[in-house]
Every structure is written in C-alpha cells, then in structure tokens.
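Colleague: I am sharing protein.txt, which consists of compact mmCIF, C-alpha atoms and all ligand atoms:
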```txt
# COMPACT_ATOMS: atom_id res chain seq x y z
CA MET A 1 -14.78 -13.64 -3.12
CA LEU A 2 -12.82 -10.45 -3.42
CA THR A 3 -9.18 -10.29 -4.42
CA ILE A 4 -7.34 -7.47 -2.68
CA ASN A 5 -3.83 -6.25 -3.52
CA ILE A 6 -2.09 -4.54 -0.64
CA ASP A 7 1.11 -2.55 -0.98
CA ALA A 8 3.57 -2.93 1.90
CA ASP A 9 5.64 0.22 2.45
CA GLY A 10 3.55 3.16 3.61
CA VAL A 11 0.39 1.01 3.78
CA LEU A 12 1.07 -2.06 5.92
CA TYR A 13 4.62 -1.38 6.99
CA ASP A 14 6.06 1.89 8.28
CA TYR A 15 9.08 1.97 5.98
CA SER A 16 9.37 5.71 6.25
CA GLY A 17 9.50 5.68 10.06
CA GLU A 18 12.30 3.12 10.01
CA PHE A 19 14.20 4.88 7.22
CA TRP A 20 14.19 8.23 9.04
CA LYS A 21 15.26 6.54 12.26
CA MET A 22 18.25 5.01 10.46
CA ALA A 23 19.01 8.34 8.78
CA ARG A 24 19.05 10.12 12.15
CA GLU A 25 21.39 7.51 13.60
CA HIS A 26 23.67 7.45 10.55
CA TYR A 27 23.97 11.21 10.05
CA GLY A 28 23.67 12.19 13.70
CA ARG A 29 21.07 14.84 12.98
CA THR A 30 17.35 15.13 12.51
CA PHE A 31 15.68 15.85 9.21
CA PRO A 32 12.67 18.02 8.48
CA PRO A 33 9.33 16.16 8.47
CA SER A 34 9.18 13.97 5.39
CA LEU A 35 6.52 15.42 3.18
CA GLY A 36 7.99 14.67 -0.22
CA TRP A 37 8.23 11.37 -2.07
CA ASN A 38 11.86 11.99 -3.07
CA GLN A 39 13.81 11.44 0.09
CA HIS A 40 17.14 12.77 -1.16
CA GLU A 41 15.51 16.18 -1.64
CA VAL A 42 14.09 16.09 1.88
CA MET A 43 17.53 15.12 3.20
CA GLY A 44 19.36 17.73 1.19
CA ILE A 45 21.95 15.27 -0.13
CA ASP A 46 22.77 14.37 -3.72
CA GLU A 47 21.24 11.33 -5.38
CA GLU A 48 24.44 9.28 -5.40
CA GLU A 49 24.91 9.63 -1.64
CA TYR A 50 21.24 8.94 -1.10
CA TRP A 51 21.31 5.65 -3.04
CA GLU A 52 24.45 4.53 -1.27
CA PHE A 53 22.72 5.15 2.06
CA PHE A 54 19.51 3.52 0.82
CA HIS A 55 21.31 0.28 -0.06
CA HIS A 56 23.08 0.39 3.30
CA CYS A 57 19.62 0.58 4.92
CA ALA A 58 18.25 -2.21 2.69
CA ARG A 59 21.06 -4.51 3.85
CA ASN A 60 20.57 -3.54 7.48
CA GLY A 61 16.92 -4.06 8.30
CA VAL A 62 15.00 -1.07 6.95
CA PHE A 63 12.47 -3.58 5.57
CA ARG A 64 12.42 -5.66 8.72
CA ASN A 65 12.65 -3.60 11.89
CA GLY A 66 9.86 -1.11 11.27
CA ASP A 67 6.44 -0.96 12.87
CA ALA A 68 3.15 -2.11 11.43
CA ILE A 69 0.85 0.72 10.36
CA PRO A 70 -2.10 0.47 12.77
CA GLY A 71 -5.06 -1.49 11.40
CA GLY A 72 -3.41 -3.20 8.43
CA ILE A 73 -2.56 -6.56 9.94
CA GLU A 74 -5.94 -6.66 11.72
CA SER A 75 -7.65 -6.04 8.38
CA ILE A 76 -5.75 -8.92 6.79
CA ARG A 77 -6.95 -11.23 9.57
CA GLN A 78 -10.53 -10.05 9.17
CA TRP A 79 -10.53 -10.35 5.37
CA TYR A 80 -8.85 -13.75 5.52
CA LYS A 81 -11.67 -14.99 7.74
CA ALA A 82 -14.14 -13.59 5.21
CA GLY A 83 -12.50 -15.79 2.58
CA TYR A 84 -10.90 -13.06 0.52
CA ARG A 85 -7.87 -13.68 -1.61
CA LEU A 86 -5.14 -11.37 -0.28
CA ARG A 87 -1.94 -10.37 -2.01
CA VAL A 88 0.83 -8.28 -0.58
CA VAL A 89 2.25 -6.72 -3.73
CA THR A 90 5.48 -4.88 -3.09
CA HIS A 91 8.26 -3.66 -5.31
CA LYS A 92 11.35 -5.20 -3.74
CA SER A 93 13.50 -5.71 -6.79
CA LEU A 94 16.37 -3.32 -6.14
CA ARG A 95 19.40 -2.33 -8.14
CA HIS A 96 21.82 -4.62 -6.30
CA ALA A 97 21.11 -8.33 -5.85
CA GLU A 98 22.33 -8.18 -2.25
CA SER A 99 19.79 -5.43 -1.43
CA THR A 100 17.02 -7.33 -3.22
CA TYR A 101 17.85 -10.45 -1.24
CA HIS A 102 17.60 -8.56 2.07
CA ALA A 103 14.48 -6.58 1.11
CA GLN A 104 12.59 -9.69 0.01
CA SER A 105 13.68 -12.01 2.80
CA ASP A 106 13.04 -9.26 5.38
CA MET A 107 9.49 -8.87 4.06
CA VAL A 108 8.89 -12.62 4.45
CA HIS A 109 10.31 -12.47 7.96
CA TRP A 110 8.20 -9.44 8.90
CA LEU A 111 4.95 -10.98 7.66
CA HIS A 112 5.76 -14.12 9.60
CA GLU A 113 6.46 -12.06 12.72
CA GLN A 114 3.09 -10.37 12.29
CA GLY A 115 1.47 -13.81 12.07
CA VAL A 116 -0.01 -13.42 8.60
CA ILE A 117 2.48 -15.22 6.33
CA ASN A 118 -0.06 -18.02 5.80
CA LYS A 119 -2.91 -15.62 5.10
CA VAL A 120 -1.49 -13.80 2.10
CA GLU A 121 0.19 -14.39 -1.21
CA LEU A 122 3.38 -12.40 -1.48
CA VAL A 123 4.29 -10.88 -4.85
CA PHE A 124 7.48 -9.05 -5.79
CA PRO A 125 6.79 -7.54 -9.21
CA LYS A 126 10.06 -7.08 -11.08
CA GLY A 127 9.46 -3.69 -12.63
CA GLU A 128 8.06 -0.73 -10.78
CA TYR A 129 4.85 -0.73 -12.83
CA HIS A 130 4.39 -4.48 -13.03
CA LYS A 131 1.89 -4.31 -10.19
CA GLN A 132 -0.65 -4.05 -13.02
CA GLY A 133 0.11 -7.69 -13.83
CA PHE A 134 -1.86 -8.88 -10.81
CA PRO A 135 -5.53 -8.01 -11.41
CA ALA A 136 -7.62 -7.46 -8.30
CA ASP A 137 -11.02 -6.15 -7.19
CA VAL A 138 -9.46 -3.68 -4.77
CA VAL A 139 -5.95 -2.23 -4.90
CA ILE A 140 -4.45 -0.32 -1.96
CA ASP A 141 -1.29 1.76 -2.40
CA ASP A 142 0.25 5.03 -1.25
CA LYS A 143 2.41 6.00 -4.20
CA PRO A 144 1.50 9.46 -5.48
CA ASP A 145 1.89 8.74 -9.21
CA LEU A 146 -1.18 6.42 -9.14
CA LYS A 147 0.30 4.24 -11.89
CA TRP A 148 -0.53 1.21 -9.76
CA ALA A 149 -4.27 1.91 -10.10
CA GLN A 150 -6.09 -0.74 -12.14
CA GLU A 151 -8.84 0.17 -14.56
CA ASP A 152 -11.17 -2.63 -13.45
CA ALA A 153 -10.52 -2.28 -9.73
CA VAL A 154 -11.66 0.00 -6.95
CA ASN A 155 -8.40 1.74 -6.11
CA VAL A 156 -7.60 3.07 -2.68
CA LEU A 157 -4.91 5.72 -2.18
CA PHE A 158 -3.73 5.26 1.39
CA ASP A 159 -3.45 8.77 2.78
CA GLN A 160 0.12 9.82 3.57
CA PRO A 161 1.88 13.20 3.78
CA TRP A 162 3.72 12.46 0.50
CA ASN A 163 0.60 11.85 -1.60
CA GLN A 164 -1.34 15.02 -0.77
CA THR A 165 -0.49 16.25 -4.28
CA GLU A 166 -3.03 13.84 -5.76
CA ASP A 167 -6.55 15.10 -6.22
CA VAL A 168 -8.44 11.95 -5.29
CA ALA A 169 -12.06 11.63 -4.19
CA PRO A 170 -12.63 11.12 -0.47
CA ILE A 171 -14.59 8.13 0.78
CA GLU A 172 -17.77 10.21 1.05
CA HIS A 173 -17.90 10.28 -2.75
CA ILE A 174 -18.75 6.62 -2.89
CA LEU A 175 -22.48 7.07 -3.25
CA TYR A 176 -23.49 3.56 -4.08
CA SER A 177 -26.12 2.14 -1.81
CA PRO A 178 -27.78 -1.22 -2.43
CA ALA A 179 -30.94 0.26 -0.94
CA SER A 180 -31.20 2.83 -3.70
CA PRO A 181 -29.75 1.21 -6.82
CA SER A 182 -31.03 3.94 -9.10
CA HIS A 183 -28.91 6.47 -7.29
CA THR A 184 -26.05 7.84 -9.35
CA HIS A 185 -22.97 6.41 -7.79
CA SER A 186 -19.30 6.49 -8.44
CA LEU A 187 -18.37 2.86 -7.93
CA TYR A 188 -18.99 2.42 -11.66
CA ALA A 189 -17.26 5.62 -12.71
CA THR A 190 -13.66 5.50 -13.93
CA PRO A 191 -11.11 5.90 -12.72
CA ARG A 192 -12.33 4.63 -9.40
CA ILE A 193 -9.74 5.98 -7.00
CA TYR A 194 -10.58 7.02 -3.46
CA ARG A 195 -8.51 8.41 -0.67
CA ALA A 196 -8.66 6.48 2.59
CA LYS A 197 -7.48 8.14 5.77
CA GLY A 198 -6.32 5.12 7.72
CA TRP A 199 -7.34 1.50 7.75
CA ASP A 200 -10.86 2.07 9.11
CA GLU A 201 -11.69 3.91 5.90
CA VAL A 202 -10.00 1.22 3.79
CA ARG A 203 -12.23 -1.40 5.42
CA SER A 204 -15.32 0.77 4.84
CA ILE A 205 -14.50 0.98 1.13
CA VAL A 206 -14.01 -2.79 0.90
CA THR A 207 -17.34 -3.31 2.66
CA LYS A 208 -19.03 -1.11 0.05
CA VAL A 209 -17.44 -3.12 -2.75
CA GLU A 210 -18.64 -6.30 -1.09
CA GLU A 211 -22.20 -4.91 -0.77
CA GLN A 212 -22.17 -3.90 -4.41
CA ARG A 213 -21.07 -7.42 -5.42
CA ARG A 214 -23.87 -8.96 -3.37
CA TYR A 215 -26.39 -6.64 -4.97
CA GLU A 216 -25.17 -7.54 -8.46
CA VAL A 217 -25.44 -11.25 -7.72
CA LEU A 218 -28.96 -10.83 -6.40
CA TYR A 219 -30.44 -8.62 -9.11
CA HIS A 220 -28.52 -9.26 -12.32
MG MG A 301 4.15 2.09 -0.83
```
Take the structure in this file and express it as structure tokens.
Modeller:
Amino acid sequence: MLTINIDADGVLYDYSGEFWKMAREHYGRTFPPSLGWNQHEVMGIDEEEYWEFFHHCARNGVFRNGDAIPGGIESIRQWYKAGYRLRVVTHKSLRHAESTYHAQSDMVHWLHEQGVINKVELVFPKGEYHKQGFPADVVIDDKPDLKWAQEDAVNVLFDQPWNQTEDVAPIEHILYSPASPSHTHSLYATPRIYRAKGWDEVRSIVTKVEEQRRYEVLYH
C-alpha cells in the first residue's frame, strides 16, 4: 500500500487562478501572466500592501472558490479505490489566526464539495518545512524550492510556470522496468525528483512506483 502526500495549492486546487481573479476585481486592472513565485513582484506592489491584500483574500474565499486542477480529484478517487493511503498536506498556518481559520475551514469545505473528504487525511503542517514530518512513498508538490522533497520518497514536482527554474528530470528519465531489472534505473538514485506535466504524468509515475514495489516483493 502506497502512502501519497499531495499538496493542495497549485497541484489539486487552482489557488493562483482564484488569487489573480480577486486581484483583478480588487485593483480594477489586469496583471501580467504570473510566472514568478513571489506575487508581490509580479503585481508591482510593496510587500506590506501585498500581505494586507493576501489576508483579505484568505478571509474572503481564495482557498474556497477556486477550481480543481484537472485530473487531481479523479486521481484521488482512483488511488483510494486501489487502497492507497492519501494525505492532502497543505501549509495553511498563516500569520493571523483569522486567516488561518478561514484557510483551513475553506480547505475542508472544498474537499467536501469535491466529494473526497472521506478519502483523504488532511494535514496542516505548522511550519513551512514541516511537510517533512509526514513520511510518504510519493510526494507531489509545486513549490520551486524543493524543500518539501523527502529523501526516501519518489518526489514529483507538479509542473507550473513558477517552478520552471528547477532543473528536474522529466518522467522519461524513470528507466526502471520490472521486465529488465538489471537495467540501470533512476528510481533508486537520489534525490528522486521528477517533473510531471499534469496529472496523467503524475499517475504514470505512481504506477511505476507501484510496479517497482511489486517487483521487490516478488524477487527480494
Ligand atoms: Mg503548492
């Protein structure tokens, strides 16, 4: 049974789409395409104004009204049927208690709306890098610093415009094949981080991990 950690914003949930929609409505203007991780730079406003606006968004549905990223919820359903242990691991501990309350309760509401609240465990790590405290076989995240990647896991960087800075192996670099176990493969190399362009590729990676597990059980 695989344990899979899934980040929410930018992986399952289109936080960015909702944030930019609220920014357009609030400021009455459009912003250039969001390519950077630091939104205040993209918006051309100072950090103080940005955070004030961010907390306004947090209290007003930025973590609740956004769309699902295509393929994520379907993957949760499929993996749940396969008996996997699924965790949505999302940093929703914000500077102000009021914002934290809204961010966390909105996430619960959204997962319920998507019909998967009973299929996942929901984890809100307190510190930004406390995602490491929840060991998994596969970890899926979009954050460009890669500090969420676990040494013992197969890590999947979910392709987004803001993480193109990371030089991460594409899915084709996973060479492991149960049919040719002597083949040099990278599922045992470290760090094991692969870029997945969309949820189809995420599922392909998980299938490879599953095949590798089966092979190990059979022959070791
Ligand atoms: Mg994210």
Colleague: Can you tell me which residues sit at most 6 Å away from ligand MG 301 (chain A), counting only C-alpha atoms and all ligand atoms, written as a PDB file with C-alpha atoms, keeping the file's coordinate frame?
Modeller:
```
ATOM      1  CA  ASP A   7       1.110  -2.550  -0.980  1.00  0.00           C
ATOM      2  CA  ALA A   8       3.570  -2.930   1.900  1.00  0.00           C
ATOM      3  CA  ASP A   9       5.640   0.220   2.450  1.00  0.00           C
ATOM      4  CA  GLY A  10       3.550   3.160   3.610  1.00  0.00           C
ATOM      5  CA  ASP A 141      -1.290   1.760  -2.400  1.00  0.00           C
ATOM      6  CA  ASP A 142       0.250   5.030  -1.250  1.00  0.00           C
ATOM      7  CA  LYS A 143       2.410   6.000  -4.200  1.00  0.00           C
TER       8      LYS A 143
END
```
Colleague: Considering all atoms listed in the file, return as a ChimeraX atom specification whatever protein or nucleic-acid residues lie within 8 Å of range 67-75 of chain A, sequence-local ones (same chain, fewer than 4 positions apart) excluded.
Modeller: /A:10-15,17-18,79,114,116,198-200,203
Colleague: What's the separation between CA of Ala103 in chain A and CA of Arg59 in chain A, in Å to one decimal place?
Modeller: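 Distance reported for this atom pair: 7.4 Å.
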Colleague: With only C-alpha atoms as the basis for distance, which of A:Ile6, A:Ser16, A:Trp37, A:Tyr27 is at the shortest distance from Trp162 in chain A?
Modeller: A:Trp37
Colleague: Quick one: distance from CA of Leu94 in chain A to CA of Asn5 in chain A in Å, one decimal?
Modeller: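 Between these atoms lies a distance of 20.6 Å.
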Colleague: Residues near Gln39 in chain A, anyone? I mean within 10 Å using all atoms listed in the file, not counting same-chain ones fewer than 6 positions away, as a list in words.
Modeller: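 Here the qualifying residues turn out to be Ser16, Phe19, Trp20, Ile45, Glu47, Tyr50, Trp51 and Phe54 of chain A.
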Colleague: My list of candidates is A:Val168, A:Ile4, A:Cys57, A:Leu122. Which is closest to Arg192 in chain A when distances are computed with only C-alpha atoms?
Modeller: A:Val168
Colleague: Counting all atoms listed in the file, select every polymer residue within 10 Å of (0.3, 6.1, -8.1) as defined in the file's coordinates, and provide the selection as a list in words.
Modeller: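 Looking at atoms near the point gives Tyr129, Asp141, Asp142, Lys143, Pro144, Asp145, Leu146, Lys147, Trp148, Ala149, Asn155, Leu157, Asn163 and Glu166 of chain A.
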Colleague: If you measure from CA of Glu25 in chain A to CA of Thr100 in chain A, what distance in Å do you get, rounded to one decimal?
Modeller: 22.9 Å
Colleague: So that I can check the surroundings of Gly44 in chain A, please list as JSON, numbers by chain every protein, DNA and RNA residue that reaches within 12 Å of it, counting all atoms listed in the file and ignoring chain neighbours fewer than 6 positions away.
Modeller: {"A": [27, 30, 31, 32, 34, 36, 38, 50]}
Colleague: Rank A:Ala58, A:Val88, A:Gly66, A:Phe134 by their smallest atom-to-atom distance to Glu113 in chain A, using all atoms listed in the file, and report the top residue only.
Modeller: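 Counting all atoms listed in the file, the residue closest to Glu113 in chain A is A:Gly66.
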Colleague: For Ile193 in chain A, which residue among A:Val156, A:Asp167, A:Val42, A:Glu216 is the nearest when counting only C-alpha atoms?
Modeller: A:Val156
